[in-house]
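Participant: Here you go, start29.cif (mmCIF, C-alpha atoms):
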```cif
data_entry
#
loop_
_atom_site.label_atom_id
_atom_site.label_comp_id
_atom_site.auth_asym_id
_atom_site.auth_seq_id
_atom_site.Cartn_x
_atom_site.Cartn_y
_atom_site.Cartn_z
CA MET A 1 8.28 -53.44 -2.46
CA ARG A 2 7.51 -56.88 -1.22
CA LEU A 3 5.75 -58.65 1.56
CA ARG A 4 7.86 -60.86 3.74
CA ARG A 5 7.13 -63.05 6.65
CA SER A 6 9.14 -63.01 9.83
CA ALA A 7 10.92 -66.33 10.19
CA SER A 8 11.05 -66.18 13.94
CA SER A 9 7.37 -65.41 14.38
CA PRO A 10 5.16 -67.18 11.92
CA GLY A 11 2.09 -65.51 13.36
CA LYS A 12 3.30 -62.06 12.55
CA ARG A 13 2.28 -60.25 9.39
CA VAL A 14 4.65 -57.90 7.66
CA VAL A 15 3.42 -54.71 6.08
CA PRO A 16 5.56 -52.93 3.52
CA SER A 17 6.61 -49.49 4.54
CA GLY A 18 8.11 -48.18 1.37
CA SER A 19 10.33 -48.84 -1.55
CA SER A 20 13.51 -48.74 0.49
CA GLY A 21 12.90 -52.27 1.66
CA GLY A 22 12.23 -51.27 5.24
CA SER A 23 9.25 -52.87 6.89
CA ILE A 24 7.18 -52.71 10.03
CA VAL A 25 6.26 -55.87 11.79
CA VAL A 26 2.67 -55.94 12.96
CA ALA A 27 1.28 -58.60 15.26
CA GLY A 28 -1.65 -60.56 13.90
CA PRO A 29 -2.87 -64.00 12.85
CA ASP A 30 -2.23 -65.42 9.44
CA ARG A 31 -5.89 -65.45 8.52
CA PRO A 32 -7.80 -62.86 10.40
CA GLU A 33 -11.17 -63.86 11.81
CA PRO A 34 -14.24 -61.88 10.70
CA ARG A 35 -14.53 -60.38 14.20
CA SER A 36 -10.94 -59.23 14.00
CA ARG A 37 -11.67 -57.76 10.59
CA ALA A 38 -14.53 -55.86 12.11
CA ARG A 39 -12.22 -54.56 14.84
CA ALA A 40 -9.66 -53.60 12.24
CA LEU A 41 -12.31 -51.78 10.25
CA LEU A 42 -13.47 -50.00 13.38
CA ALA A 43 -9.89 -48.93 14.04
CA LEU A 44 -9.66 -47.79 10.43
CA LEU A 45 -12.85 -45.81 10.89
CA GLY A 46 -11.37 -44.19 13.98
CA LEU A 47 -8.19 -43.34 12.13
CA ALA A 48 -10.14 -41.92 9.22
CA LEU A 49 -12.24 -39.79 11.55
CA ALA A 50 -9.19 -38.59 13.44
CA SER A 51 -7.35 -37.66 10.26
CA VAL A 52 -10.36 -35.78 8.92
CA VAL A 53 -10.78 -33.90 12.19
CA VAL A 54 -7.09 -33.01 12.24
CA THR A 55 -7.23 -31.95 8.58
CA GLY A 56 -10.28 -29.82 9.27
CA ALA A 57 -8.73 -28.15 12.25
CA GLY A 58 -5.47 -27.41 10.53
CA GLY A 59 -6.58 -26.70 7.00
CA ALA A 60 -9.99 -25.09 7.03
CA THR A 61 -9.63 -23.28 10.34
CA GLY A 62 -5.84 -22.83 10.61
CA HIS A 63 -6.13 -20.57 13.63
CA ARG A 64 -2.96 -18.53 14.17
CA VAL A 65 -1.93 -15.79 16.54
CA LEU A 66 0.94 -13.34 16.17
CA THR A 67 2.01 -10.49 18.43
CA VAL A 68 4.26 -7.61 17.38
CA TYR A 69 5.05 -4.22 18.86
CA SER A 70 4.96 -1.06 16.78
CA VAL A 71 6.72 2.27 17.18
CA ALA A 72 5.78 5.25 14.99
CA THR A 73 8.69 6.61 12.98
CA GLY A 74 6.92 9.02 10.63
CA LEU A 75 3.70 11.02 10.36
CA GLN A 76 2.32 13.13 7.54
CA TYR A 77 -0.93 14.96 8.08
CA ILE A 78 -2.89 16.13 5.02
CA ASN A 79 -5.13 19.07 5.85
CA THR A 80 -7.86 19.28 3.24
CA ALA A 81 -9.55 22.40 4.61
CA ASP A 82 -9.62 24.04 1.18
CA ASP A 83 -11.31 21.02 -0.45
CA ARG A 84 -13.84 20.94 2.36
CA ALA A 85 -14.63 24.65 2.04
CA ARG A 86 -14.91 24.37 -1.75
CA GLY A 87 -17.08 21.31 -1.33
CA HIS A 88 -19.54 23.25 0.80
CA VAL A 89 -20.05 25.80 -1.98
CA ASN A 90 -19.53 23.79 -5.15
CA ASN A 91 -20.96 20.30 -4.97
CA PRO A 92 -23.39 18.01 -6.76
CA LEU A 93 -25.50 17.23 -3.68
CA ASP A 94 -29.20 18.04 -3.54
CA SER A 95 -30.65 20.40 -0.93
CA ALA A 96 -31.60 17.57 1.44
CA ALA A 97 -28.05 16.23 1.46
CA ASN A 98 -26.56 19.72 1.77
CA LYS A 99 -28.53 20.21 4.98
CA LEU A 100 -26.59 17.27 6.44
CA ALA A 101 -23.22 19.00 6.17
CA PRO A 102 -21.28 18.71 9.43
CA LYS A 103 -21.79 21.66 11.77
CA SER A 104 -18.18 22.43 12.65
CA SER A 105 -15.40 21.81 10.20
CA GLY A 106 -13.58 25.11 10.02
CA GLY A 107 -12.14 25.43 13.51
CA ARG A 108 -8.55 24.83 14.47
CA ASN A 109 -9.01 21.57 16.34
CA GLY A 110 -9.25 18.88 13.73
CA PRO A 111 -9.01 16.38 12.35
CA PHE A 112 -12.01 17.03 10.15
CA ALA A 113 -13.81 15.00 7.53
CA GLY A 114 -11.59 14.36 4.55
CA ASP A 115 -8.27 14.95 6.29
CA VAL A 116 -5.70 12.19 5.95
CA ALA A 117 -2.95 10.98 8.25
CA LEU A 118 -0.17 8.66 7.15
CA TYR A 119 1.88 6.82 9.73
CA ALA A 120 5.08 4.86 9.23
CA LEU A 121 5.90 2.31 11.91
CA LYS A 122 8.67 -0.06 12.81
CA LEU A 123 7.66 -3.48 14.11
CA TYR A 124 9.39 -5.47 16.83
CA SER A 125 8.85 -9.03 17.92
CA ASN A 126 9.02 -8.40 21.68
CA PRO A 127 8.26 -5.64 24.18
CA THR A 128 11.93 -4.76 24.66
CA LEU A 129 11.81 -3.33 21.13
CA LYS A 130 15.22 -4.76 20.32
CA ARG A 131 14.37 -7.42 17.76
CA PRO A 132 13.05 -5.92 14.47
CA ALA A 133 10.08 -7.73 12.96
CA GLY A 134 9.29 -5.52 9.97
CA SER A 135 7.48 -2.29 9.20
CA ALA A 136 3.97 -0.98 8.71
CA VAL A 137 2.09 1.92 7.17
CA TYR A 138 -1.32 3.22 8.22
CA THR A 139 -3.30 5.53 5.95
CA CYS A 140 -6.20 7.02 7.90
CA TYR A 141 -9.05 8.90 6.23
CA PHE A 142 -10.88 10.95 8.80
CA ASN A 143 -14.62 11.24 8.91
CA TYR A 144 -16.45 12.64 11.94
CA ASP A 145 -15.76 13.07 15.68
CA ARG A 146 -12.07 12.13 15.38
CA HIS A 147 -12.90 8.80 13.79
CA ALA A 148 -11.08 7.53 10.72
CA LEU A 149 -11.15 4.62 8.33
CA CYS A 150 -7.59 3.31 8.43
CA GLN A 151 -5.99 1.05 5.87
CA ALA A 152 -2.90 -0.72 7.07
CA TYR A 153 -0.30 -3.00 5.68
CA TYR A 154 2.25 -4.83 7.74
CA LYS A 155 5.45 -5.94 6.05
CA LEU A 156 6.81 -8.73 8.16
CA MET A 157 10.08 -10.63 7.96
CA ALA A 158 10.81 -12.75 4.88
CA GLY A 159 8.55 -10.54 2.76
CA SER A 160 5.27 -11.78 4.17
CA THR A 161 2.57 -9.13 4.42
CA LEU A 162 -0.74 -8.65 6.13
CA VAL A 163 -3.36 -6.15 4.97
CA ALA A 164 -5.98 -4.76 7.34
CA SER A 165 -8.51 -1.97 7.50
CA GLY A 166 -11.22 -0.66 9.75
CA PRO A 167 -12.43 2.25 11.82
CA VAL A 168 -10.19 3.84 14.41
CA ASP A 169 -11.46 6.09 17.17
CA PHE A 170 -8.72 8.63 17.85
CA ASN A 171 -10.32 9.44 21.20
CA ALA A 172 -9.43 5.94 22.44
CA SER A 173 -6.06 4.31 23.02
CA GLY A 174 -6.87 1.01 21.35
CA PHE A 175 -8.72 -0.32 18.34
CA THR A 176 -9.51 -3.49 16.43
CA ILE A 177 -9.34 -3.62 12.65
CA VAL A 178 -10.08 -6.37 10.17
CA VAL A 179 -7.36 -8.42 8.51
CA THR A 180 -8.55 -8.87 4.93
CA GLY A 181 -5.62 -10.70 3.38
CA GLY A 182 -1.94 -11.40 3.23
CA THR A 183 0.90 -12.79 1.17
CA LYS A 184 3.45 -15.61 1.38
CA LYS A 185 3.29 -17.01 4.91
CA TYR A 186 -0.08 -15.29 5.36
CA LEU A 187 -1.52 -16.01 1.93
CA GLY A 188 -5.32 -15.92 2.17
CA ALA A 189 -5.27 -14.90 5.83
CA ARG A 190 -8.34 -13.32 7.43
CA GLY A 191 -9.05 -12.20 10.96
CA GLU A 192 -8.50 -9.33 13.35
CA ALA A 193 -5.68 -7.06 14.49
CA LYS A 194 -6.20 -5.84 18.02
CA VAL A 195 -4.07 -2.81 18.86
CA ALA A 196 -3.49 -1.59 22.42
CA ALA A 197 -1.06 0.65 24.24
CA GLY A 198 2.26 -1.08 24.85
CA PRO A 199 5.44 -0.38 26.76
CA ARG A 200 7.70 2.61 26.06
CA ASN A 201 5.38 4.52 23.74
CA ALA A 202 4.87 1.43 21.62
CA GLN A 203 1.66 -0.28 20.61
CA ARG A 204 1.04 -3.97 21.00
CA ILE A 205 -0.62 -5.60 17.99
CA ASP A 206 -2.27 -8.98 18.44
CA PHE A 207 -3.16 -10.66 15.18
CA GLU A 208 -5.72 -13.44 15.29
CA LEU A 209 -5.82 -15.18 11.94
CA ILE A 210 -7.52 -17.96 10.07
CA GLY A 211 -6.63 -19.36 6.69
CA MET B 1 -23.04 -64.41 5.89
CA SER B 2 -24.61 -61.84 8.16
CA ARG B 3 -21.13 -61.06 9.54
CA LEU B 4 -19.87 -60.50 6.02
CA ILE B 5 -22.80 -58.19 5.34
CA SER B 6 -22.19 -56.25 8.54
CA ILE B 7 -18.48 -55.94 7.75
CA GLY B 8 -19.39 -54.76 4.26
CA CYS B 9 -21.83 -52.23 5.69
CA LEU B 10 -19.23 -51.05 8.17
CA SER B 11 -16.68 -50.60 5.38
CA ALA B 12 -19.14 -48.67 3.27
CA ALA B 13 -20.15 -46.52 6.25
CA THR B 14 -16.50 -45.82 6.99
CA VAL B 15 -15.83 -44.65 3.46
CA LEU B 16 -19.03 -42.58 3.27
CA LEU B 17 -18.52 -40.94 6.65
CA ALA B 18 -14.90 -40.13 5.94
CA ALA B 19 -15.79 -38.69 2.53
CA PHE B 20 -18.61 -36.60 4.03
CA LEU B 21 -16.43 -35.25 6.82
CA ALA B 22 -13.57 -34.53 4.44
CA ALA B 23 -15.91 -32.63 2.12
CA THR B 24 -17.35 -30.74 5.08
CA ALA B 25 -13.91 -29.77 6.32
CA ALA B 26 -12.70 -28.76 2.88
CA SER B 27 -15.70 -26.60 2.07
CA GLY B 28 -15.57 -24.80 5.40
CA ALA B 29 -19.17 -25.72 6.11
CA SER B 30 -18.68 -24.55 9.67
CA ARG B 31 -19.33 -21.04 8.40
CA ALA B 32 -22.54 -19.67 9.84
CA SER B 33 -24.65 -17.83 7.28
CA GLN B 34 -27.06 -15.16 8.34
CA LYS B 35 -29.16 -12.45 6.77
CA LEU B 36 -29.67 -9.07 8.30
CA ARG B 37 -31.86 -6.24 7.07
CA VAL B 38 -31.27 -2.70 8.29
CA TYR B 39 -32.64 0.68 7.32
CA ALA B 40 -30.05 3.42 6.94
CA VAL B 41 -30.84 7.08 7.49
CA PRO B 42 -28.13 9.57 6.49
CA THR B 43 -27.03 11.83 9.33
CA THR B 44 -24.02 13.68 7.93
CA VAL B 45 -22.68 14.23 4.42
CA GLN B 46 -19.38 15.89 3.56
CA PHE B 47 -18.38 16.58 -0.03
CA MET B 48 -14.71 17.14 -0.73
CA ASN B 49 -14.09 19.15 -3.89
CA HIS B 50 -10.56 18.51 -5.14
CA ALA B 51 -10.68 20.95 -8.06
CA ASP B 52 -7.42 22.60 -7.02
CA ASP B 53 -5.63 19.26 -6.76
CA ARG B 54 -6.92 18.29 -10.20
CA LEU B 55 -5.73 21.58 -11.66
CA ARG B 56 -2.33 21.22 -9.99
CA GLY B 57 -2.17 17.63 -11.22
CA MET B 58 -2.57 18.81 -14.80
CA SER B 59 0.54 20.97 -14.73
CA THR B 60 2.63 18.95 -12.30
CA ASN B 61 2.42 15.21 -12.53
CA PRO B 62 4.75 12.23 -12.87
CA PHE B 63 3.25 11.09 -16.19
CA ASN B 64 4.10 12.11 -19.71
CA LEU B 65 0.65 13.43 -20.54
CA LYS B 66 -0.46 16.39 -22.54
CA ALA B 67 -2.80 17.07 -19.91
CA GLU B 68 -6.13 18.75 -19.87
CA THR B 69 -8.13 16.97 -22.53
CA VAL B 70 -6.82 13.61 -21.45
CA ILE B 71 -7.53 14.17 -17.81
CA LEU B 72 -10.87 15.93 -17.92
CA GLY B 73 -12.15 15.09 -21.37
CA ALA B 74 -13.81 18.51 -21.62
CA ASN B 75 -11.07 20.80 -22.87
CA GLY B 76 -9.71 21.19 -19.41
CA LYS B 77 -12.87 22.62 -17.89
CA GLU B 78 -15.09 21.04 -15.32
CA LYS B 79 -18.67 21.11 -16.52
CA GLY B 80 -21.38 20.87 -13.94
CA ASN B 81 -20.80 20.10 -10.32
CA GLY B 82 -19.26 16.70 -10.56
CA PRO B 83 -18.35 14.68 -8.71
CA PHE B 84 -15.13 14.60 -10.72
CA PRO B 85 -12.22 12.20 -10.45
CA GLY B 86 -10.48 12.63 -7.12
CA ASP B 87 -13.50 14.07 -5.30
CA ASP B 88 -14.79 12.14 -2.32
CA ILE B 89 -17.95 12.08 -0.25
CA LEU B 90 -18.30 10.85 3.32
CA TYR B 91 -21.72 9.60 4.36
CA ALA B 92 -22.61 8.75 7.95
CA PHE B 93 -25.75 6.70 8.62
CA LYS B 94 -27.81 5.59 11.56
CA LEU B 95 -29.00 2.03 11.19
CA PHE B 96 -32.46 0.91 12.29
CA ALA B 97 -33.94 -2.56 12.56
CA ASP B 98 -37.26 -1.48 11.08
CA ALA B 99 -38.57 0.86 8.41
CA LYS B 100 -40.35 2.92 11.08
CA ARG B 101 -36.96 3.73 12.63
CA THR B 102 -37.96 2.75 16.15
CA LYS B 103 -34.98 0.57 17.04
CA LEU B 104 -31.44 1.84 16.54
CA VAL B 105 -29.08 -1.09 15.84
CA GLY B 106 -25.88 0.63 14.82
CA THR B 107 -24.15 3.08 12.54
CA ALA B 108 -22.50 2.95 9.16
CA MET B 109 -19.90 5.04 7.42
CA PHE B 110 -19.30 5.23 3.67
CA THR B 111 -16.22 6.88 2.18
CA CYS B 112 -16.62 7.13 -1.57
CA TYR B 113 -13.70 8.08 -3.84
CA TYR B 114 -14.84 9.18 -7.29
CA GLY B 115 -13.33 8.08 -10.52
CA PHE B 116 -14.76 8.73 -13.97
CA ALA B 117 -18.42 8.95 -15.03
CA LYS B 118 -19.54 9.83 -11.50
CA ARG B 119 -18.74 6.36 -10.26
CA ALA B 120 -17.04 5.84 -6.94
CA THR B 121 -15.27 3.10 -5.12
CA CYS B 122 -16.89 3.11 -1.71
CA ASP B 123 -15.31 1.69 1.43
CA SER B 124 -17.83 1.23 4.18
CA TYR B 125 -18.07 -0.14 7.67
CA PHE B 126 -21.11 -1.20 9.63
CA ASP B 127 -20.78 -0.88 13.39
CA LEU B 128 -23.34 -3.35 14.78
CA ALA B 129 -24.01 -4.78 18.23
CA LYS B 130 -22.40 -8.12 17.39
CA GLY B 131 -19.33 -6.65 15.73
CA LEU B 132 -17.98 -4.74 12.82
CA LEU B 133 -18.42 -5.48 9.12
CA LEU B 134 -16.39 -4.06 6.25
CA ALA B 135 -17.78 -3.78 2.73
CA SER B 136 -16.50 -2.25 -0.50
CA GLY B 137 -17.63 -1.80 -4.06
CA GLN B 138 -18.67 0.55 -6.83
CA VAL B 139 -21.52 3.01 -6.37
CA ARG B 140 -22.81 5.44 -8.97
CA PHE B 141 -23.45 8.97 -7.71
CA GLY B 142 -27.12 9.26 -6.85
CA GLY B 143 -27.61 5.53 -7.36
CA THR B 144 -29.73 3.76 -4.79
CA HIS B 145 -29.38 0.21 -6.09
CA PHE B 146 -25.92 -1.22 -5.59
CA THR B 147 -24.16 -4.24 -4.16
CA LEU B 148 -21.02 -4.21 -2.05
CA ALA B 149 -18.75 -7.10 -1.18
CA ILE B 150 -18.24 -7.85 2.51
CA THR B 151 -14.51 -8.24 3.01
CA GLY B 152 -14.29 -9.05 6.70
CA GLY B 153 -15.48 -8.39 10.21
CA THR B 154 -14.77 -8.63 13.91
CA HIS B 155 -16.23 -10.51 16.91
CA ALA B 156 -19.34 -12.38 15.71
CA TYR B 157 -18.37 -11.51 12.15
CA PHE B 158 -14.79 -12.77 12.45
CA GLY B 159 -13.51 -13.76 9.00
CA ALA B 160 -16.82 -12.75 7.45
CA LEU B 161 -17.55 -12.79 3.74
CA GLY B 162 -20.71 -11.91 1.91
CA GLN B 163 -22.49 -9.01 0.30
CA VAL B 164 -24.64 -5.97 0.99
CA ASN B 165 -27.56 -5.25 -1.31
CA SER B 166 -28.87 -1.71 -1.25
CA ALA B 167 -32.31 -0.51 -2.29
CA PRO B 168 -34.23 2.70 -1.66
CA ALA B 169 -36.63 2.80 1.29
CA ALA B 170 -39.26 5.23 2.47
CA ARG B 171 -38.45 8.71 3.74
CA ASN B 172 -35.03 9.15 2.14
CA ALA B 173 -33.66 5.97 3.75
CA GLN B 174 -31.72 3.09 2.23
CA ARG B 175 -32.49 -0.54 2.90
CA PHE B 176 -29.39 -2.67 3.32
CA ASP B 177 -29.73 -6.44 3.10
CA LEU B 178 -26.60 -8.03 4.51
CA GLU B 179 -25.81 -11.63 3.65
CA VAL B 180 -23.01 -12.62 5.97
CA SER B 181 -21.09 -15.84 6.14
CA ALA B 182 -18.90 -15.70 9.24
CA LYS B 183 -16.56 -18.20 10.80
CA PRO B 184 -16.98 -18.46 14.58
CA LYS B 185 -13.74 -18.21 16.57
#
```
Show me, as C-alpha cells, the structure contained in the file I just sent.
Facilitator:
Amino acid sequence: MRLRRSASSPGKRVVPSGSSGGSIVVAGPDRPEPRSRARALLALLGLALASVVVTGAGGATGHRVLTVYSVATGLQYINTADDRARGHVNNPLDSAANKLAPKSSGGRNGPFAGDVALYALKLYSNPTLKRPAGSAVYTCYFNYDRHALCQAYYKLMAGSTLVASGPVDFNASGFTIVVTGGTKKYLGARGEAKVAAGPRNAQRIDFELIG
Amino acid sequence: MSRLISIGCLSAATVLLAAFLAATAASGASRASQKLRVYAVPTTVQFMNHADDRLRGMSTNPFNLKAETVILGANGKEKGNGPFPGDDILYAFKLFADAKRTKLVGTAMFTCYYGFAKRATCDSYFDLAKGLLLASGQVRFGGTHFTLAITGGTHAYFGALGQVNSAPAARNAQRFDLEVSAKPK
C-alpha cells in the first residue's frame, strides 16, 4: 500500500484504498489549513455519529417483521378428567386452598383445567397457501374459562426456529404470544407473535422481532 | 495556538462522544427499567393428581428401568399426599396495586409441574393493563419466597427481561415485586 500523487493535479491528495493498489483521488490542498482540519474533523464527527446510530439501529434493536400463514393438520386432545377428580380427593393442599377448587369441572363441555391440546400446523409464506414456509406445533395447557397457556415452536425454512409462549383465550379468534427465543437466522430473537384469522381457514401470524 | 487547542478539543470530543454512543448502543441502554409491586390473592386452585399415569409409567415406559424403587424411591408406594413427580397445580390470582386490595390491576396464572422433592417448575403469566409478562422458575410446594425469571412480554413489555420476587403478604396474599427491563417498540 502506498501513497501516490496525481501527476495531472498536484493539488489532489491520494488516499490508499487497499492492498490491491487501487486508490481514490480526493480533492484537497497539499497542506491543509487549520480551519480545513476543523471542517474535516467535524465531518469525521458526523461520520462517527452516523455510523454509531446505524450500528445501534441495526445491531441493538434489529427490528424485524415476518408474516406466515398457518393451517392446522393435526390435533390431539388430552382429557385429564380422572387426574382432576383424583386431585379433588387426594391432594396436598390445605383447607383454604381446597376451598378455591373450580366450581364446575366435571361437565361435558370442556376444556377444563389440566387438559392439554396439541396442534400440528403447516406454515405458508403467503395467503394463497401454495408456498410452504415450514411447520409449527402448539402445546396448550388449559386452565380456567377456556384459557390456556400455549407453548409454540415454529420450524421455518433452512432449519431456523422461533419459540413462543403465552396465554390463549379460546373464546376469541386471535391472540398474541411472546417470542422468547430462536435459532440460526433468529438466534437470540425476542418479540411478539400476533395471530389472527386468515383466509381459507388459515391463521395469519405476524412476528415482530428484535435481536 | 488557540486554534490548535480547539482542534485538539474537537478531536477528543469526537472520540469520547463516539465511544460513549457506541457503548450505549452496544449495551442496549435504551431499555427502560421499571419496578412494579402487586399483591396477589388466589382465586382458584386446581390440583391434578397423576397417580395413574405414574403407575402406568412404571410398567410401560421407553426406558430400561427396573422401575418402582427408581421412580418413586419408596418401594413403589406414594407416601403422603405429594405432590409427586408429574403432578401439576394451576393457581389463578387477582392482582391488586395495594395491600388493602382496593385497586385491581390485573390477573396472574401459575401452572406448576412437579418434579422431585416437591419442587415444581412454574410457568406464569401476568396480565396487566400495559401488557403481558411471562415468568418462569422453580417453586417449592408451600414456599412463599421464590424468584422467577421474566422471559418476555407484549405491548409496553415488548422484549422484556427481569425477575419477579415473591414474598408472603397479609391475609393469605403474595407480594410480587416485578423488576422489568423492557425495550420500547
Participant: I'd like a table as a tab-separated table: residues in region 54-136 of chain A with an atom no more than 7 Å from region 141-154 of chain A, each row giving the shortest atom pair and its distance in Å to one decimal, only C-alpha atoms counted, sorted by chain and rising residue number.
Facilitator:
```
residue	atom	partner	partner_atom	distance
A:Pro111	CA	A:Arg146	CA	6.1
A:Phe112	CA	A:Phe142	CA	6.3
A:Ala113	CA	A:Asn143	CA	4.1
A:Gly114	CA	A:Phe142	CA	5.5
A:Asp115	CA	A:Phe142	CA	5.4
A:Val116	CA	A:Tyr141	CA	4.7
A:Ala117	CA	A:Tyr141	CA	6.8
A:Ser135	CA	A:Tyr154	CA	6.0
A:Ala136	CA	A:Tyr154	CA	4.3
```
Participant: Taking C-alpha atoms for each residue, export the selection above as a short mmCIF file (atom, residue, chain, number, x, y, z; two decimals), keeping the file's coordinate frame.
Facilitator:
```cif
data_model
loop_
_atom_site.label_atom_id
_atom_site.label_comp_id
_atom_site.auth_asym_id
_atom_site.auth_seq_id
_atom_site.Cartn_x
_atom_site.Cartn_y
_atom_site.Cartn_z
CA PRO A 111 -9.01 16.38 12.35
CA PHE A 112 -12.01 17.03 10.15
CA ALA A 113 -13.81 15.00 7.53
CA GLY A 114 -11.59 14.36 4.55
CA ASP A 115 -8.27 14.95 6.29
CA VAL A 116 -5.70 12.19 5.95
CA ALA A 117 -2.95 10.98 8.25
CA SER A 135 7.48 -2.29 9.20
CA ALA A 136 3.97 -0.98 8.71
#
```
Participant: Report, as JSON, the axis-aligned box around all atoms of region 92-106 of chain B present in the file, extended by 3 Å on each side; give centre and edge lengths in Å to one decimal place.
Facilitator:
```
{"center_x": -31.5, "center_y": 3.1, "center_z": 12.5, "size_x": 23.7, "size_y": 17.3, "size_z": 15.1}
```
Participant: Restricting the calculation to all atoms listed in the file: of B:Ala182, B:Val38, B:Leu90, B:Leu55, which residue gets closest to chain A?
Facilitator: B:Leu90
Participant: For a cutoff of 7 Å around the file-coordinate point (-19.5, -11.5, 1.5), which residues qualify once you count only C-alpha atoms? I'd like the result as a JSON list (two decimals) with C-alpha atoms, keeping the file's coordinate frame.
Facilitator:
```json
[["chain", "number", "residue", "atom", "x", "y", "z"],
["B", 149, "ALA", "CA", -18.75, -7.10, -1.18],
["B", 150, "ILE", "CA", -18.24, -7.85, 2.51],
["B", 151, "THR", "CA", -14.51, -8.24, 3.01],
["B", 160, "ALA", "CA", -16.82, -12.75, 7.45],
["B", 161, "LEU", "CA", -17.55, -12.79, 3.74],
["B", 162, "GLY", "CA", -20.71, -11.91, 1.91],
["B", 163, "GLN", "CA", -22.49, -9.01, 0.30],
["B", 179, "GLU", "CA", -25.81, -11.63, 3.65],
["B", 180, "VAL", "CA", -23.01, -12.62, 5.97],
["B", 181, "SER", "CA", -21.09, -15.84, 6.14]]
```
Participant: I'd like the contact shell of Ala189 (chain A) - 7 Å cut-off, all atoms listed in the file, skipping same-chain residues fewer than 5 positions apart - returned as a list in words.
Facilitator: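 Near neighbours after the sequence-gap exclusion: Thr180, Gly181, Gly182, Leu209, Ile210 and Gly211 of chain A.
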Participant: With distances taken over all atoms listed in the file, which residue among B:Gly115, B:Pro168, B:Gly131, B:Gly82 lies nearest chain A?
Facilitator: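 Checking each candidate against chain A, we get B:Gly82 as the closest.
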Participant: Go through A:Leu100, A:Arg204, A:Gly62, A:Asn91 one by one, measure the shortest atom-to-atom distance of each to Lys185 (chain B) using only C-alpha atoms, and give the residue with the smallest value.
Facilitator: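 Closest to Lys185 (chain B) of all the choices is A:Gly62.
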Participant: Which value, in Å to one decimal, gives the distance between CA of Ala158 (chain A) and CA of Thr67 (chain A)?
Facilitator: 16.3 Å
Participant: Would you write out, as a ChimeraX atom specification, every residue that the PyMOL selection byres ((chain A and resi 121-134) around 12) captures in this file?
Facilitator: /A:66-75,118-120,135-139,152-162,197-206
Participant: What gap, in Å, lies between CA of Phe146 (chain B) and CA of Ala97 (chain A)?
Facilitator: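 It comes out at 18.9 Å.
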Participant: With distances taken over all atoms listed in the file, which residue among A:Thr183, A:Gln76, A:Thr176, A:Asn109 lies nearest chain B?
Facilitator: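 Comparing A:Thr183, A:Gln76, A:Thr176, A:Asn109 against chain B, the winner is A:Thr176.
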Participant: Please determine, counting all atoms listed in the file, which residue among A:Ala101, A:Ala81, A:Val178, A:Cys140 has the shortest atom-to-atom distance to Ala135 (chain B).
Facilitator: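 Of A:Ala101, A:Ala81, A:Val178, A:Cys140, the one nearest Ala135 (chain B) is A:Val178, counting all atoms listed in the file.
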Participant: Between A:Pro102, A:Gly191, A:Gly110, A:Gly87, which one has atoms that come closest to Ala164 (chain A), using all atoms listed in the file?
Facilitator: A:Gly191
Participant: With N, CA, C and O atoms as the target, complete region 193-202 of chain A and hand it back as a PDB file, in the frame of the given file.
Facilitator:
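The file below, selection_36.pdb, is the result:
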```pdb
ATOM      1  N   ALA A 193      -6.903  -7.601  13.880  1.00  0.00           N
ATOM      2  CA  ALA A 193      -5.680  -7.060  14.490  1.00  0.00           C
ATOM      3  C   ALA A 193      -6.136  -6.166  15.630  1.00  0.00           C
ATOM      4  O   ALA A 193      -6.804  -5.162  15.416  1.00  0.00           O
ATOM      5  N   LYS A 194      -5.794  -6.590  16.837  1.00  0.00           N
ATOM      6  CA  LYS A 194      -6.200  -5.840  18.020  1.00  0.00           C
ATOM      7  C   LYS A 194      -5.005  -5.013  18.495  1.00  0.00           C
ATOM      8  O   LYS A 194      -3.953  -5.572  18.810  1.00  0.00           O
ATOM      9  N   VAL A 195      -5.176  -3.708  18.530  1.00  0.00           N
ATOM     10  CA  VAL A 195      -4.070  -2.810  18.860  1.00  0.00           C
ATOM     11  C   VAL A 195      -4.342  -2.140  20.203  1.00  0.00           C
ATOM     12  O   VAL A 195      -5.431  -1.601  20.430  1.00  0.00           O
ATOM     13  N   ALA A 196      -3.348  -2.198  21.089  1.00  0.00           N
ATOM     14  CA  ALA A 196      -3.490  -1.590  22.420  1.00  0.00           C
ATOM     15  C   ALA A 196      -2.178  -0.915  22.797  1.00  0.00           C
ATOM     16  O   ALA A 196      -1.128  -1.190  22.199  1.00  0.00           O
ATOM     17  N   ALA A 197      -2.268  -0.049  23.780  1.00  0.00           N
ATOM     18  CA  ALA A 197      -1.060   0.650  24.240  1.00  0.00           C
ATOM     19  C   ALA A 197      -0.056  -0.367  24.771  1.00  0.00           C
ATOM     20  O   ALA A 197      -0.421  -1.312  25.486  1.00  0.00           O
ATOM     21  N   GLY A 198       1.203  -0.175  24.415  1.00  0.00           N
ATOM     22  CA  GLY A 198       2.260  -1.080  24.850  1.00  0.00           C
ATOM     23  C   GLY A 198       3.304  -0.345  25.656  1.00  0.00           C
ATOM     24  O   GLY A 198       3.126   0.834  25.977  1.00  0.00           O
ATOM     25  N   PRO A 199       4.393  -1.017  25.953  1.00  0.00           N
ATOM     26  CA  PRO A 199       5.440  -0.380  26.760  1.00  0.00           C
ATOM     27  C   PRO A 199       6.229   0.663  25.958  1.00  0.00           C
ATOM     28  O   PRO A 199       6.315   0.569  24.737  1.00  0.00           O
ATOM     29  N   ARG A 200       6.774   1.632  26.638  1.00  0.00           N
ATOM     30  CA  ARG A 200       7.700   2.610  26.060  1.00  0.00           C
ATOM     31  C   ARG A 200       7.161   3.253  24.778  1.00  0.00           C
ATOM     32  O   ARG A 200       7.777   3.199  23.713  1.00  0.00           O
ATOM     33  N   ASN A 201       5.971   3.796  24.870  1.00  0.00           N
ATOM     34  CA  ASN A 201       5.380   4.520  23.740  1.00  0.00           C
ATOM     35  C   ASN A 201       5.090   3.626  22.526  1.00  0.00           C
ATOM     36  O   ASN A 201       4.873   4.130  21.430  1.00  0.00           O
ATOM     37  N   ALA A 202       5.143   2.349  22.726  1.00  0.00           N
ATOM     38  CA  ALA A 202       4.870   1.430  21.620  1.00  0.00           C
ATOM     39  C   ALA A 202       3.409   0.989  21.679  1.00  0.00           C
ATOM     40  O   ALA A 202       2.694   1.285  22.644  1.00  0.00           O
TER      41      ALA A 202
END
```
